[in-house]
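Colleague: What follows is a single structure, and I will ask about it in a moment.
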Amino acid sequence: MMQLHFPDDEAECAQRLFDAKWPNGIVCPRCGQRYFYSICSRRYPLYQCRTCGHQTSLTAGTVMEGSRTPLSKWFQAIRYLSAGISATQLHRLIGVTYKTAWLINHKLRRAIQEADRKWQLSGQVHIKGIFYAERRFHPSIYFHPREQPLLAGATVNRQGLPVQVKIKKVLKTETHYRSIHRRDGEQFLKNHVESAVRSQAHCTLHRFGNAEYVPLVALCKHAFRWMSDTFCGIGSKHLQAYLDEFSYRYNLSADVDSFVEHVTILAANTRKRPYSWIIRCHLFEEEDLISNAA
Ligand SMILES: [Zn+2]
């Protein structure tokens with residue numbers, strides 16, 4: 001495991017969160033004024049508007065809201081997420097319970113997923129049908145129930161190499177051994193590719209594709225290897241969160257510092273979600289994306 005340094009000083013972490021949450025200073029959400037008293041009697045400062053008395057805490061409206069885990073551990077977790085580690089590893093590294101480590105990782109993944117919904121692939125886009133299996137099985141000529149059909153889309157450069165990528169689950173019910181359903185391909189285009197370039201996208205929904213798609217397939221296999229080596233495979237329920245985490249890291253070109261900076265800003269500006277919401281996992285299902293795109 002690489003050595004990742006982050007301040008363990010709570011005050012410095014609080015300042016980092018403040019900067020990520022209010023890069024231009026605090027603005028009162030109620031009256032729009034910029035003048036605040038800071039009340040330091042609590043673990044992290046509380047800010048009170050000088051005009052209307054509205055109070056806002058540092059962690060309100062962030063993924064850390066209500067968490068008893070010190071900010072320094074959250075920041076260490078963000079740092080370690082840049083290396084793609086599991087909750088088991090995180091729990092040992094930062095000294096929190098396994099459940100806390102699992103929740104921290106998932107809350108950060110959710111922030112990444114919410115950010116992912118706000119942009120679409122542009123430029124020359126390649127899309128390829130691909131099948132993920134959590135565990136090995138005996139291949140046959142039939143679609144295997146353990147296989148999760150996916151669509152991988154990428155903005156490619158002149159050499160045809162993926163620069164920005166999105167890998168998404170598709171509906172299983174209408175998938176056949178050789179191909180993903182056309183409707184899922186159309187939905188992927190609508191949800192994840194900018195309208196101006198949709199008609200020029202190169203797309204194959206088939207399990208087998210020509211040489212053009214080799215780099216994209218290789219990238220997906222890299223993601224599958226990471227999920228298998230680090231987590232012993234990922235079940236269908238949480239698969240999308242892990243695929244989005246992988247893609248987010250890839251899209252930031254594996255630059256640790258920019259990853260940490262981006263995730264810190266996401267964490268500071270994404271509402272926390274309760275445990276029940278995280279394990280429910282419905283938000284990013286296809287129906288929701290459809291209503292979102294409409
Ligand atoms: Zn105010």
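A note on labels: chains of the structure tokens are A, B, ... as shown, every chain counts residues from 1, and ligands are counted from 1 in their shown order.
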Identify, on the basis of only C-alpha atoms, every residue whose closest approach to Phe143 (chain A) does not exceed 10 Å; exclude the query and any residue fewer than 2 positions from it along the same chain; express the result as a PyMOL selection string.
Modeller: chain A and resi 131+139-141+145-149+172+175-179
Colleague: Just N, CA and C atoms for this one: save the residues we selected as a PDB file, in the first residue's frame.
Modeller:
ATOM      1  N   PHE A 131     -20.039  -7.975 -20.649  1.00  0.00           N
ATOM      2  CA  PHE A 131     -20.727  -8.769 -19.619  1.00  0.00           C
ATOM      3  C   PHE A 131     -19.790  -8.994 -18.443  1.00  0.00           C
ATOM      4  N   PRO A 139     -18.896 -21.296 -19.166  1.00  0.00           N
ATOM      5  CA  PRO A 139     -19.546 -20.608 -20.275  1.00  0.00           C
ATOM      6  C   PRO A 139     -20.365 -21.567 -21.140  1.00  0.00           C
ATOM      7  N   SER A 140     -21.429 -21.067 -21.670  1.00  0.00           N
ATOM      8  CA  SER A 140     -22.216 -21.867 -22.609  1.00  0.00           C
ATOM      9  C   SER A 140     -22.697 -20.912 -23.692  1.00  0.00           C
ATOM     10  N   ILE A 141     -23.532 -21.408 -24.559  1.00  0.00           N
ATOM     11  CA  ILE A 141     -24.005 -20.518 -25.626  1.00  0.00           C
ATOM     12  C   ILE A 141     -25.217 -19.713 -25.160  1.00  0.00           C
ATOM     13  N   PRO A 145     -27.216 -16.509 -15.923  1.00  0.00           N
ATOM     14  CA  PRO A 145     -27.839 -15.625 -14.917  1.00  0.00           C
ATOM     15  C   PRO A 145     -26.834 -14.876 -14.046  1.00  0.00           C
ATOM     16  N   ARG A 146     -25.608 -15.382 -13.946  1.00  0.00           N
ATOM     17  CA  ARG A 146     -24.607 -14.671 -13.142  1.00  0.00           C
ATOM     18  C   ARG A 146     -23.987 -13.497 -13.888  1.00  0.00           C
ATOM     19  N   GLU A 147     -24.282 -13.399 -15.152  1.00  0.00           N
ATOM     20  CA  GLU A 147     -23.681 -12.305 -15.921  1.00  0.00           C
ATOM     21  C   GLU A 147     -24.512 -11.033 -15.794  1.00  0.00           C
ATOM     22  N   GLN A 148     -23.829  -9.938 -15.585  1.00  0.00           N
ATOM     23  CA  GLN A 148     -24.493  -8.641 -15.548  1.00  0.00           C
ATOM     24  C   GLN A 148     -24.141  -7.910 -16.840  1.00  0.00           C
ATOM     25  N   PRO A 149     -25.148  -7.699 -17.707  1.00  0.00           N
ATOM     26  CA  PRO A 149     -24.837  -6.957 -18.934  1.00  0.00           C
ATOM     27  C   PRO A 149     -24.552  -5.485 -18.635  1.00  0.00           C
ATOM     28  N   LYS A 172     -31.597  -6.501 -17.352  1.00  0.00           N
ATOM     29  CA  LYS A 172     -31.175  -7.867 -17.616  1.00  0.00           C
ATOM     30  C   LYS A 172     -32.232  -8.649 -18.379  1.00  0.00           C
ATOM     31  N   THR A 175     -31.914  -9.222 -22.213  1.00  0.00           N
ATOM     32  CA  THR A 175     -30.588  -9.483 -22.760  1.00  0.00           C
ATOM     33  C   THR A 175     -30.503 -10.915 -23.297  1.00  0.00           C
ATOM     34  N   HIS A 176     -29.849 -11.067 -24.430  1.00  0.00           N
ATOM     35  CA  HIS A 176     -29.619 -12.396 -24.996  1.00  0.00           C
ATOM     36  C   HIS A 176     -28.127 -12.695 -24.926  1.00  0.00           C
ATOM     37  N   TYR A 177     -27.779 -13.928 -25.224  1.00  0.00           N
ATOM     38  CA  TYR A 177     -26.381 -14.326 -25.102  1.00  0.00           C
ATOM     39  C   TYR A 177     -25.453 -13.429 -25.920  1.00  0.00           C
ATOM     40  N   ARG A 178     -25.883 -13.133 -27.136  1.00  0.00           N
ATOM     41  CA  ARG A 178     -24.974 -12.425 -28.035  1.00  0.00           C
ATOM     42  C   ARG A 178     -25.029 -10.911 -27.905  1.00  0.00           C
ATOM     43  N   SER A 179     -26.123 -10.402 -27.394  1.00  0.00           N
ATOM     44  CA  SER A 179     -26.279  -8.953 -27.501  1.00  0.00           C
ATOM     45  C   SER A 179     -27.161  -8.353 -26.406  1.00  0.00           C
TER      46      SER A 179
END
Colleague: Chain A near ligand 1 within 7 Å: what's each residue's closest atom pair and its distance in Å to one decimal, counting only C-alpha atoms and all ligand atoms, ordered by chain then ascending residue number, as a Markdown table?
Modeller:
| residue | atom | partner | partner_atom_place_in_ligand_line | distance |
| --- | --- | --- | --- | --- |
| A:Cys28 | CA | ligand 1 | 1 (Zn) | 4.6 |
| A:Pro29 | CA | ligand 1 | 1 (Zn) | 6.7 |
| A:Arg30 | CA | ligand 1 | 1 (Zn) | 5.1 |
| A:Cys31 | CA | ligand 1 | 1 (Zn) | 4.1 |
| A:Gly32 | CA | ligand 1 | 1 (Zn) | 6.0 |
| A:Gln33 | CA | ligand 1 | 1 (Zn) | 5.6 |
| A:Cys49 | CA | ligand 1 | 1 (Zn) | 4.6 |
| A:Arg50 | CA | ligand 1 | 1 (Zn) | 6.7 |
| A:Thr51 | CA | ligand 1 | 1 (Zn) | 5.2 |
| A:Cys52 | CA | ligand 1 | 1 (Zn) | 4.1 |
| A:Gly53 | CA | ligand 1 | 1 (Zn) | 5.9 |
| A:His54 | CA | ligand 1 | 1 (Zn) | 5.2 |
Colleague: Quick one: contact table of region 48-103 of chain A to region 245-266 of chain A, 10 Å max, nearest atom pair and distance in Å to one decimal per residue, counting only C-alpha atoms, chain and number order, as JSON lines?
Modeller:
{"residue": "A:Thr62", "atom": "CA", "partner": "A:Leu266", "partner_atom": "CA", "distance": 8.4}
{"residue": "A:Val63", "atom": "CA", "partner": "A:Leu266", "partner_atom": "CA", "distance": 8.6}
{"residue": "A:Trp74", "atom": "CA", "partner": "A:Thr264", "partner_atom": "CA", "distance": 9.4}
{"residue": "A:Phe75", "atom": "CA", "partner": "A:Thr264", "partner_atom": "CA", "distance": 7.7}
{"residue": "A:Gln76", "atom": "CA", "partner": "A:Val260", "partner_atom": "CA", "distance": 9.6}
{"residue": "A:Ala77", "atom": "CA", "partner": "A:Val260", "partner_atom": "CA", "distance": 9.7}
{"residue": "A:Ile78", "atom": "CA", "partner": "A:Val260", "partner_atom": "CA", "distance": 6.1}
{"residue": "A:Arg79", "atom": "CA", "partner": "A:Val260", "partner_atom": "CA", "distance": 5.7}
{"residue": "A:Tyr80", "atom": "CA", "partner": "A:Val260", "partner_atom": "CA", "distance": 8.9}
{"residue": "A:Leu81", "atom": "CA", "partner": "A:Val260", "partner_atom": "CA", "distance": 8.4}
{"residue": "A:Ser82", "atom": "CA", "partner": "A:Val256", "partner_atom": "CA", "distance": 6.0}
{"residue": "A:Ala83", "atom": "CA", "partner": "A:Val256", "partner_atom": "CA", "distance": 7.9}
{"residue": "A:Gly84", "atom": "CA", "partner": "A:Phe246", "partner_atom": "CA", "distance": 7.7}
Colleague: Report as a tab-separated table (two decimals) with all heavy atoms, in the first residue's frame all protein, DNA and RNA residues lying within 10 Å of region 93-98 of chain A, evaluated on only C-alpha atoms, omitting residues in the same chain fewer than 2 positions from it.
Modeller:
chain	number	residue	atom	x	y	z
A	69	THR	N	-17.48	10.30	13.20
A	69	THR	CA	-16.08	10.05	12.81
A	69	THR	C	-15.36	11.39	12.62
A	69	THR	O	-15.89	12.27	11.94
A	69	THR	CB	-16.06	9.26	11.48
A	69	THR	OG1	-16.87	8.10	11.65
A	69	THR	CG2	-14.66	8.86	11.09
A	72	SER	N	-10.60	14.24	10.23
A	72	SER	CA	-9.30	13.76	9.77
A	72	SER	C	-9.42	12.35	9.19
A	72	SER	O	-8.78	12.02	8.20
A	72	SER	CB	-8.28	13.79	10.90
A	72	SER	OG	-8.74	13.00	11.97
A	73	LYS	N	-10.30	11.54	9.78
A	73	LYS	CA	-10.48	10.18	9.26
A	73	LYS	C	-11.24	10.19	7.94
A	73	LYS	O	-10.98	9.39	7.05
A	73	LYS	CB	-11.17	9.30	10.29
A	73	LYS	CG	-10.31	9.17	11.54
A	73	LYS	CD	-10.62	7.99	12.41
A	73	LYS	CE	-9.60	7.95	13.54
A	73	LYS	NZ	-9.57	6.71	14.27
A	74	TRP	N	-12.19	11.11	7.81
A	74	TRP	CA	-12.88	11.26	6.53
A	74	TRP	C	-11.88	11.64	5.43
A	74	TRP	O	-11.93	11.11	4.32
A	74	TRP	CB	-13.96	12.35	6.63
A	74	TRP	CG	-15.27	11.86	7.14
A	74	TRP	CD1	-15.71	11.90	8.43
A	74	TRP	CD2	-16.32	11.26	6.38
A	74	TRP	NE1	-16.97	11.38	8.51
A	74	TRP	CE2	-17.37	10.97	7.27
A	74	TRP	CE3	-16.47	10.94	5.03
A	74	TRP	CZ2	-18.56	10.38	6.85
A	74	TRP	CZ3	-17.66	10.35	4.62
A	74	TRP	CH2	-18.68	10.08	5.52
A	76	GLN	N	-8.69	11.12	5.41
A	76	GLN	CA	-7.82	9.97	5.12
A	76	GLN	C	-8.56	8.99	4.21
A	76	GLN	O	-7.98	8.42	3.29
A	76	GLN	CB	-7.41	9.27	6.41
A	76	GLN	CG	-6.34	10.01	7.19
A	76	GLN	CD	-6.14	9.42	8.59
A	76	GLN	OE1	-6.36	8.24	8.79
A	76	GLN	NE2	-5.77	10.24	9.53
A	77	ALA	N	-9.86	8.81	4.47
A	77	ALA	CA	-10.65	7.89	3.65
A	77	ALA	C	-10.71	8.37	2.20
A	77	ALA	O	-10.63	7.57	1.26
A	77	ALA	CB	-12.05	7.74	4.24
A	80	TYR	N	-7.49	7.51	0.64
A	80	TYR	CA	-7.37	6.08	0.35
A	80	TYR	C	-8.30	5.65	-0.78
A	80	TYR	O	-8.01	4.71	-1.51
A	80	TYR	CB	-7.61	5.25	1.61
A	80	TYR	CG	-6.43	5.25	2.54
A	80	TYR	CD1	-6.53	5.75	3.84
A	80	TYR	CD2	-5.19	4.76	2.12
A	80	TYR	CE1	-5.43	5.76	4.69
A	80	TYR	CE2	-4.09	4.77	2.96
A	80	TYR	CZ	-4.21	5.27	4.26
A	80	TYR	OH	-3.12	5.27	5.07
A	86	SER	N	-10.68	-1.37	-0.24
A	86	SER	CA	-11.93	-1.91	0.30
A	86	SER	C	-12.18	-1.38	1.71
A	86	SER	O	-11.29	-0.83	2.35
A	86	SER	CB	-11.85	-3.42	0.35
A	86	SER	OG	-10.91	-3.81	1.33
A	87	ALA	N	-13.41	-1.62	2.19
A	87	ALA	CA	-13.76	-1.22	3.56
A	87	ALA	C	-12.93	-1.99	4.58
A	87	ALA	O	-12.58	-1.46	5.63
A	87	ALA	CB	-15.25	-1.45	3.79
A	88	THR	N	-12.62	-3.25	4.29
A	88	THR	CA	-11.79	-4.05	5.20
A	88	THR	C	-10.42	-3.40	5.37
A	88	THR	O	-9.91	-3.29	6.49
A	88	THR	CB	-11.60	-5.46	4.61
A	88	THR	OG1	-12.86	-5.96	4.19
A	88	THR	CG2	-10.99	-6.41	5.63
A	89	GLN	N	-9.84	-2.95	4.27
A	89	GLN	CA	-8.54	-2.29	4.34
A	89	GLN	C	-8.66	-0.95	5.05
A	89	GLN	O	-7.84	-0.61	5.90
A	89	GLN	CB	-7.98	-2.09	2.93
A	89	GLN	CG	-7.60	-3.39	2.25
A	89	GLN	CD	-7.36	-3.19	0.75
A	89	GLN	OE1	-8.20	-2.67	0.02
A	89	GLN	NE2	-6.20	-3.61	0.28
A	90	LEU	N	-9.71	-0.20	4.70
A	90	LEU	CA	-9.88	1.14	5.29
A	90	LEU	C	-10.06	1.05	6.80
A	90	LEU	O	-9.50	1.84	7.56
A	90	LEU	CB	-11.08	1.85	4.65
A	90	LEU	CG	-11.27	3.30	5.10
A	90	LEU	CD1	-10.12	4.19	4.63
A	90	LEU	CD2	-12.60	3.87	4.60
A	91	HIS	N	-10.83	0.07	7.24
A	91	HIS	CA	-11.10	-0.09	8.66
A	91	HIS	C	-9.81	-0.32	9.43
A	91	HIS	O	-9.59	0.25	10.50
A	91	HIS	CB	-12.17	-1.19	8.82
A	91	HIS	CG	-11.86	-2.31	9.75
A	91	HIS	ND1	-12.01	-2.20	11.11
A	91	HIS	CD2	-11.42	-3.58	9.54
A	91	HIS	CE1	-11.68	-3.35	11.68
A	91	HIS	NE2	-11.32	-4.20	10.75
A	100	THR	N	-18.41	1.37	9.84
A	100	THR	CA	-18.14	2.79	9.59
A	100	THR	C	-17.32	2.95	8.32
A	100	THR	O	-17.62	3.82	7.48
A	100	THR	CB	-17.39	3.41	10.79
A	100	THR	OG1	-18.21	3.29	11.95
A	100	THR	CG2	-17.06	4.87	10.56
A	101	ALA	N	-16.31	2.11	8.15
A	101	ALA	CA	-15.47	2.20	6.95
A	101	ALA	C	-16.31	1.95	5.70
A	101	ALA	O	-16.18	2.66	4.69
A	101	ALA	CB	-14.33	1.18	7.03
A	102	TRP	N	-17.20	0.96	5.78
A	102	TRP	CA	-18.06	0.63	4.64
A	102	TRP	C	-18.96	1.81	4.30
A	102	TRP	O	-19.12	2.19	3.14
A	102	TRP	CB	-18.90	-0.61	4.99
A	102	TRP	CG	-19.68	-1.17	3.85
A	102	TRP	CD1	-19.26	-2.14	2.97
A	102	TRP	CD2	-21.01	-0.80	3.44
A	102	TRP	NE1	-20.25	-2.38	2.05
A	102	TRP	CE2	-21.33	-1.59	2.31
A	102	TRP	CE3	-21.95	0.11	3.91
A	102	TRP	CZ2	-22.56	-1.49	1.65
A	102	TRP	CZ3	-23.17	0.21	3.24
A	102	TRP	CH2	-23.46	-0.59	2.13
A	103	LEU	N	-19.55	2.42	5.34
A	103	LEU	CA	-20.45	3.55	5.11
A	103	LEU	C	-19.72	4.77	4.56
A	103	LEU	O	-20.22	5.44	3.67
A	103	LEU	CB	-21.14	3.93	6.43
A	103	LEU	CG	-22.50	3.30	6.63
A	103	LEU	CD1	-23.04	3.69	8.01
A	103	LEU	CD2	-23.49	3.75	5.55
A	104	ILE	N	-18.53	5.03	5.09
A	104	ILE	CA	-17.76	6.18	4.58
A	104	ILE	C	-17.48	5.97	3.09
A	104	ILE	O	-17.74	6.85	2.26
A	104	ILE	CB	-16.42	6.34	5.36
A	104	ILE	CG1	-16.70	6.86	6.77
A	104	ILE	CG2	-15.46	7.26	4.62
A	104	ILE	CD1	-15.46	6.97	7.65
Colleague: What residues in region 46-250 of chain A get the DSSP label helix (DSSP H, G or I)? Please answer as a VMD selection string.
Modeller: chain A and resid 71 to 81 87 to 94 98 to 116 182 to 192 195 to 200 211 to 231 236 to 250
Colleague: Distance CA of Ala201 (chain A)-CA of Val217 (chain A), one decimal place?
Modeller: 16.4 Å
Colleague: If you count only C-alpha atoms, which residues fall within 6 Å of Ala154 (chain A), apart from same-chain ones fewer than 3 positions away, as a PyMOL selection string?
Modeller: chain A and resi 125-126+162+164-165
Colleague: Export, as a PDB file, in the first residue's frame, the selected residues with N, CA, C and O atoms.
Modeller:
ATOM      1  N   VAL A 125     -17.348   9.184 -29.657  1.00  0.00           N
ATOM      2  CA  VAL A 125     -17.754   8.260 -28.593  1.00  0.00           C
ATOM      3  C   VAL A 125     -17.840   6.826 -29.116  1.00  0.00           C
ATOM      4  O   VAL A 125     -18.386   6.590 -30.201  1.00  0.00           O
ATOM      5  N   HIS A 126     -17.256   5.903 -28.383  1.00  0.00           N
ATOM      6  CA  HIS A 126     -17.411   4.473 -28.642  1.00  0.00           C
ATOM      7  C   HIS A 126     -18.260   3.855 -27.549  1.00  0.00           C
ATOM      8  O   HIS A 126     -18.050   4.141 -26.372  1.00  0.00           O
ATOM      9  N   PRO A 162      -9.571   5.263 -24.902  1.00  0.00           N
ATOM     10  CA  PRO A 162     -10.556   5.946 -24.048  1.00  0.00           C
ATOM     11  C   PRO A 162      -9.903   7.066 -23.230  1.00  0.00           C
ATOM     12  O   PRO A 162      -8.863   6.872 -22.612  1.00  0.00           O
ATOM     13  N   GLN A 164     -12.296   9.555 -21.529  1.00  0.00           N
ATOM     14  CA  GLN A 164     -13.302   9.671 -20.476  1.00  0.00           C
ATOM     15  C   GLN A 164     -14.233   8.473 -20.628  1.00  0.00           C
ATOM     16  O   GLN A 164     -14.603   8.124 -21.756  1.00  0.00           O
ATOM     17  N   VAL A 165     -14.616   7.873 -19.513  1.00  0.00           N
ATOM     18  CA  VAL A 165     -15.398   6.641 -19.631  1.00  0.00           C
ATOM     19  C   VAL A 165     -16.583   6.630 -18.678  1.00  0.00           C
ATOM     20  O   VAL A 165     -16.538   7.259 -17.613  1.00  0.00           O
TER      21      VAL A 165
END
Colleague: So which one's closest to Phe36 (chain A), A:Asn24, A:Ser195, A:Ser236, A:Thr56? Using only C-alpha atoms, please.
Modeller: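 Under the stated criterion, the closest residue is A:Thr56.
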Colleague: For the strand (DSSP E) assignment from backbone DSSP, which residues of region 110-253 of chain A qualify? Please present them as a ChimeraX atom specification.
Modeller: /A:125-133,147-156,162-169,202-204
Colleague: Pick from A:Lys190, A:Arg136, A:Arg68, A:His144: nearest to Trp119 (chain A), with only C-alpha atoms counted?
Modeller: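 Of all the options, A:Lys190 lies closest to Trp119 (chain A).
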Colleague: Find the spatial neighbours of Trp226 (chain A), counting only C-alpha atoms, within a cut-off of 10 Å - ignore same-chain residues fewer than 5 positions away - and output them as an NGL selection string.
Modeller: :A and (84-85 or 220-221 or 231-233 or 242 or 246)
Colleague: Could you please take those selected residues and save all heavy atoms as a compact mmCIF listing (two decimals), in the first residue's frame?
Modeller:
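Wrote out.txt, looks like this:
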# COMPACT_ATOMS: atom_id res chain seq x y z
N GLY A 84 -8.40 3.14 -4.45
CA GLY A 84 -9.39 2.09 -4.71
C GLY A 84 -9.38 0.96 -3.69
O GLY A 84 -9.40 -0.21 -4.08
N ILE A 85 -9.37 1.28 -2.40
CA ILE A 85 -9.28 0.21 -1.41
C ILE A 85 -10.65 -0.21 -0.88
O ILE A 85 -11.64 0.50 -1.03
CB ILE A 85 -8.36 0.59 -0.22
CG1 ILE A 85 -9.00 1.70 0.61
CG2 ILE A 85 -6.98 0.98 -0.71
CD1 ILE A 85 -8.30 1.85 1.95
N CYS A 220 -12.41 -2.09 -19.41
CA CYS A 220 -13.45 -2.75 -18.59
C CYS A 220 -12.85 -3.94 -17.86
O CYS A 220 -13.16 -4.18 -16.69
CB CYS A 220 -14.62 -3.20 -19.46
SG CYS A 220 -15.57 -1.81 -20.08
N LYS A 221 -12.00 -4.69 -18.54
CA LYS A 221 -11.39 -5.85 -17.88
C LYS A 221 -10.50 -5.41 -16.73
O LYS A 221 -10.39 -6.10 -15.72
CB LYS A 221 -10.60 -6.68 -18.90
CG LYS A 221 -11.55 -7.33 -19.89
CD LYS A 221 -10.99 -8.55 -20.55
CE LYS A 221 -12.12 -9.30 -21.25
NZ LYS A 221 -11.66 -9.98 -22.46
N PHE A 231 -12.12 -6.79 -3.90
CA PHE A 231 -13.38 -7.06 -3.18
C PHE A 231 -13.88 -8.49 -3.38
O PHE A 231 -14.99 -8.81 -2.96
CB PHE A 231 -14.48 -6.10 -3.68
CG PHE A 231 -14.06 -4.65 -3.68
CD1 PHE A 231 -13.59 -4.05 -4.85
CD2 PHE A 231 -14.11 -3.89 -2.53
CE1 PHE A 231 -13.19 -2.72 -4.86
CE2 PHE A 231 -13.71 -2.55 -2.54
CZ PHE A 231 -13.25 -1.97 -3.71
N CYS A 232 -13.10 -9.33 -4.04
CA CYS A 232 -13.56 -10.69 -4.38
C CYS A 232 -14.84 -10.65 -5.20
O CYS A 232 -15.73 -11.50 -5.02
CB CYS A 232 -13.76 -11.53 -3.12
SG CYS A 232 -12.29 -11.72 -2.15
N GLY A 233 -14.97 -9.68 -6.05
CA GLY A 233 -16.15 -9.57 -6.92
C GLY A 233 -17.24 -8.72 -6.27
O GLY A 233 -17.29 -8.60 -5.05
N TYR A 242 -19.49 0.86 -7.73
CA TYR A 242 -18.07 0.54 -7.91
C TYR A 242 -17.61 0.88 -9.33
O TYR A 242 -16.49 1.35 -9.54
CB TYR A 242 -17.82 -0.95 -7.60
CG TYR A 242 -17.92 -1.25 -6.11
CD1 TYR A 242 -19.14 -1.48 -5.51
CD2 TYR A 242 -16.78 -1.28 -5.32
CE1 TYR A 242 -19.25 -1.73 -4.14
CE2 TYR A 242 -16.87 -1.53 -3.96
CZ TYR A 242 -18.11 -1.76 -3.38
OH TYR A 242 -18.20 -2.00 -2.03
N PHE A 246 -14.63 3.50 -10.18
CA PHE A 246 -13.52 3.19 -11.08
C PHE A 246 -13.42 4.24 -12.19
O PHE A 246 -12.34 4.75 -12.49
CB PHE A 246 -13.72 1.80 -11.68
CG PHE A 246 -12.67 1.44 -12.70
CD1 PHE A 246 -11.48 0.83 -12.30
CD2 PHE A 246 -12.85 1.73 -14.04
CE1 PHE A 246 -10.50 0.52 -13.23
CE2 PHE A 246 -11.87 1.42 -14.98
CZ PHE A 246 -10.69 0.81 -14.57
Colleague: Measure the distance from CA of Ala196 (chain A) to CA of Lys118 (chain A) in Å and round it to one decimal.
Modeller: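 Separating CA of Ala196 (chain A) from CA of Lys118 (chain A) is a distance of 16.3 Å.
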Colleague: Give me the residues near region 182-189 of chain A as an mmCIF file with all heavy atoms, in the first residue's frame, where near means some atom within 8 Å (using only C-alpha atoms) and where sequence neighbours in that chain fewer than 3 positions away do not count.
Modeller:
data_model
loop_
_atom_site.group_PDB
_atom_site.id
_atom_site.type_symbol
_atom_site.label_atom_id
_atom_site.label_comp_id
_atom_site.auth_asym_id
_atom_site.auth_seq_id
_atom_site.Cartn_x
_atom_site.Cartn_y
_atom_site.Cartn_z
ATOM 1 N N LEU A 151 -23.080 -1.558 -20.441
ATOM 2 C CA LEU A 151 -22.667 -0.803 -21.613
ATOM 3 C C LEU A 151 -21.543 0.113 -21.187
ATOM 4 O O LEU A 151 -21.670 0.849 -20.203
ATOM 5 C CB LEU A 151 -23.834 -0.008 -22.188
ATOM 6 C CG LEU A 151 -24.764 -0.830 -23.087
ATOM 7 C CD1 LEU A 151 -26.042 -0.067 -23.382
ATOM 8 C CD2 LEU A 151 -24.071 -1.215 -24.401
ATOM 9 N N VAL A 170 -27.197 -2.416 -17.426
ATOM 10 C CA VAL A 170 -28.406 -2.314 -18.246
ATOM 11 C C VAL A 170 -29.407 -3.355 -17.757
ATOM 12 O O VAL A 170 -29.064 -4.255 -16.997
ATOM 13 C CB VAL A 170 -28.135 -2.513 -19.757
ATOM 14 C CG1 VAL A 170 -27.179 -1.461 -20.273
ATOM 15 C CG2 VAL A 170 -27.593 -3.909 -20.036
ATOM 16 N N LEU A 171 -30.651 -3.224 -18.224
ATOM 17 C CA LEU A 171 -31.702 -4.152 -17.815
ATOM 18 C C LEU A 171 -31.318 -5.563 -18.227
ATOM 19 O O LEU A 171 -30.810 -5.775 -19.319
ATOM 20 C CB LEU A 171 -33.028 -3.766 -18.492
ATOM 21 C CG LEU A 171 -33.593 -2.405 -18.130
ATOM 22 C CD1 LEU A 171 -34.836 -2.138 -18.955
ATOM 23 C CD2 LEU A 171 -33.912 -2.324 -16.644
ATOM 24 N N HIS A 192 -26.207 9.313 -21.417
ATOM 25 C CA HIS A 192 -24.782 9.503 -21.142
ATOM 26 C C HIS A 192 -23.974 10.131 -22.273
ATOM 27 O O HIS A 192 -22.769 10.295 -22.135
ATOM 28 C CB HIS A 192 -24.151 8.154 -20.751
ATOM 29 C CG HIS A 192 -24.862 7.477 -19.616
ATOM 30 N ND1 HIS A 192 -24.934 8.035 -18.358
ATOM 31 C CD2 HIS A 192 -25.561 6.309 -19.554
ATOM 32 C CE1 HIS A 192 -25.630 7.234 -17.564
ATOM 33 N NE2 HIS A 192 -26.025 6.192 -18.257
ATOM 34 N N VAL A 193 -24.617 10.434 -23.394
ATOM 35 C CA VAL A 193 -23.865 11.019 -24.515
ATOM 36 C C VAL A 193 -24.527 12.340 -24.917
ATOM 37 O O VAL A 193 -25.754 12.413 -25.032
ATOM 38 C CB VAL A 193 -23.836 10.048 -25.725
ATOM 39 C CG1 VAL A 193 -23.041 10.654 -26.883
ATOM 40 C CG2 VAL A 193 -23.233 8.703 -25.317
ATOM 41 N N GLU A 194 -23.720 13.365 -25.106
ATOM 42 C CA GLU A 194 -24.257 14.676 -25.484
ATOM 43 C C GLU A 194 -25.046 14.570 -26.778
ATOM 44 O O GLU A 194 -24.616 13.902 -27.724
ATOM 45 C CB GLU A 194 -23.105 15.686 -25.666
ATOM 46 C CG GLU A 194 -22.574 16.212 -24.354
ATOM 47 C CD GLU A 194 -21.509 17.287 -24.536
ATOM 48 O OE1 GLU A 194 -21.170 17.628 -25.691
ATOM 49 O OE2 GLU A 194 -21.012 17.762 -23.501
ATOM 50 N N ARG A 198 -24.455 12.284 -30.576
ATOM 51 C CA ARG A 198 -25.075 10.949 -30.500
ATOM 52 C C ARG A 198 -25.095 10.235 -31.851
ATOM 53 O O ARG A 198 -24.814 9.055 -31.942
ATOM 54 C CB ARG A 198 -26.521 11.076 -29.989
ATOM 55 C CG ARG A 198 -26.606 11.052 -28.484
ATOM 56 C CD ARG A 198 -28.023 11.282 -27.991
ATOM 57 N NE ARG A 198 -27.966 11.967 -26.704
ATOM 58 C CZ ARG A 198 -28.956 12.640 -26.158
ATOM 59 N NH1 ARG A 198 -30.117 12.749 -26.778
ATOM 60 N NH2 ARG A 198 -28.805 13.229 -24.993
ATOM 61 N N LEU A 205 -23.630 -3.422 -29.641
ATOM 62 C CA LEU A 205 -24.272 -3.962 -28.440
ATOM 63 C C LEU A 205 -23.895 -5.425 -28.261
ATOM 64 O O LEU A 205 -24.273 -6.059 -27.289
ATOM 65 C CB LEU A 205 -25.796 -3.828 -28.558
ATOM 66 C CG LEU A 205 -26.282 -2.386 -28.749
ATOM 67 C CD1 LEU A 205 -27.786 -2.362 -28.993
ATOM 68 C CD2 LEU A 205 -25.940 -1.526 -27.543
ATOM 69 N N ILE A 290 -34.114 7.690 -16.429
ATOM 70 C CA ILE A 290 -35.031 8.070 -17.504
ATOM 71 C C ILE A 290 -35.810 9.319 -17.102
ATOM 72 O O ILE A 290 -35.874 10.288 -17.830
ATOM 73 C CB ILE A 290 -35.990 6.906 -17.843
ATOM 74 C CG1 ILE A 290 -35.196 5.759 -18.471
ATOM 75 C CG2 ILE A 290 -37.083 7.365 -18.791
ATOM 76 C CD1 ILE A 290 -35.934 4.453 -18.507
#
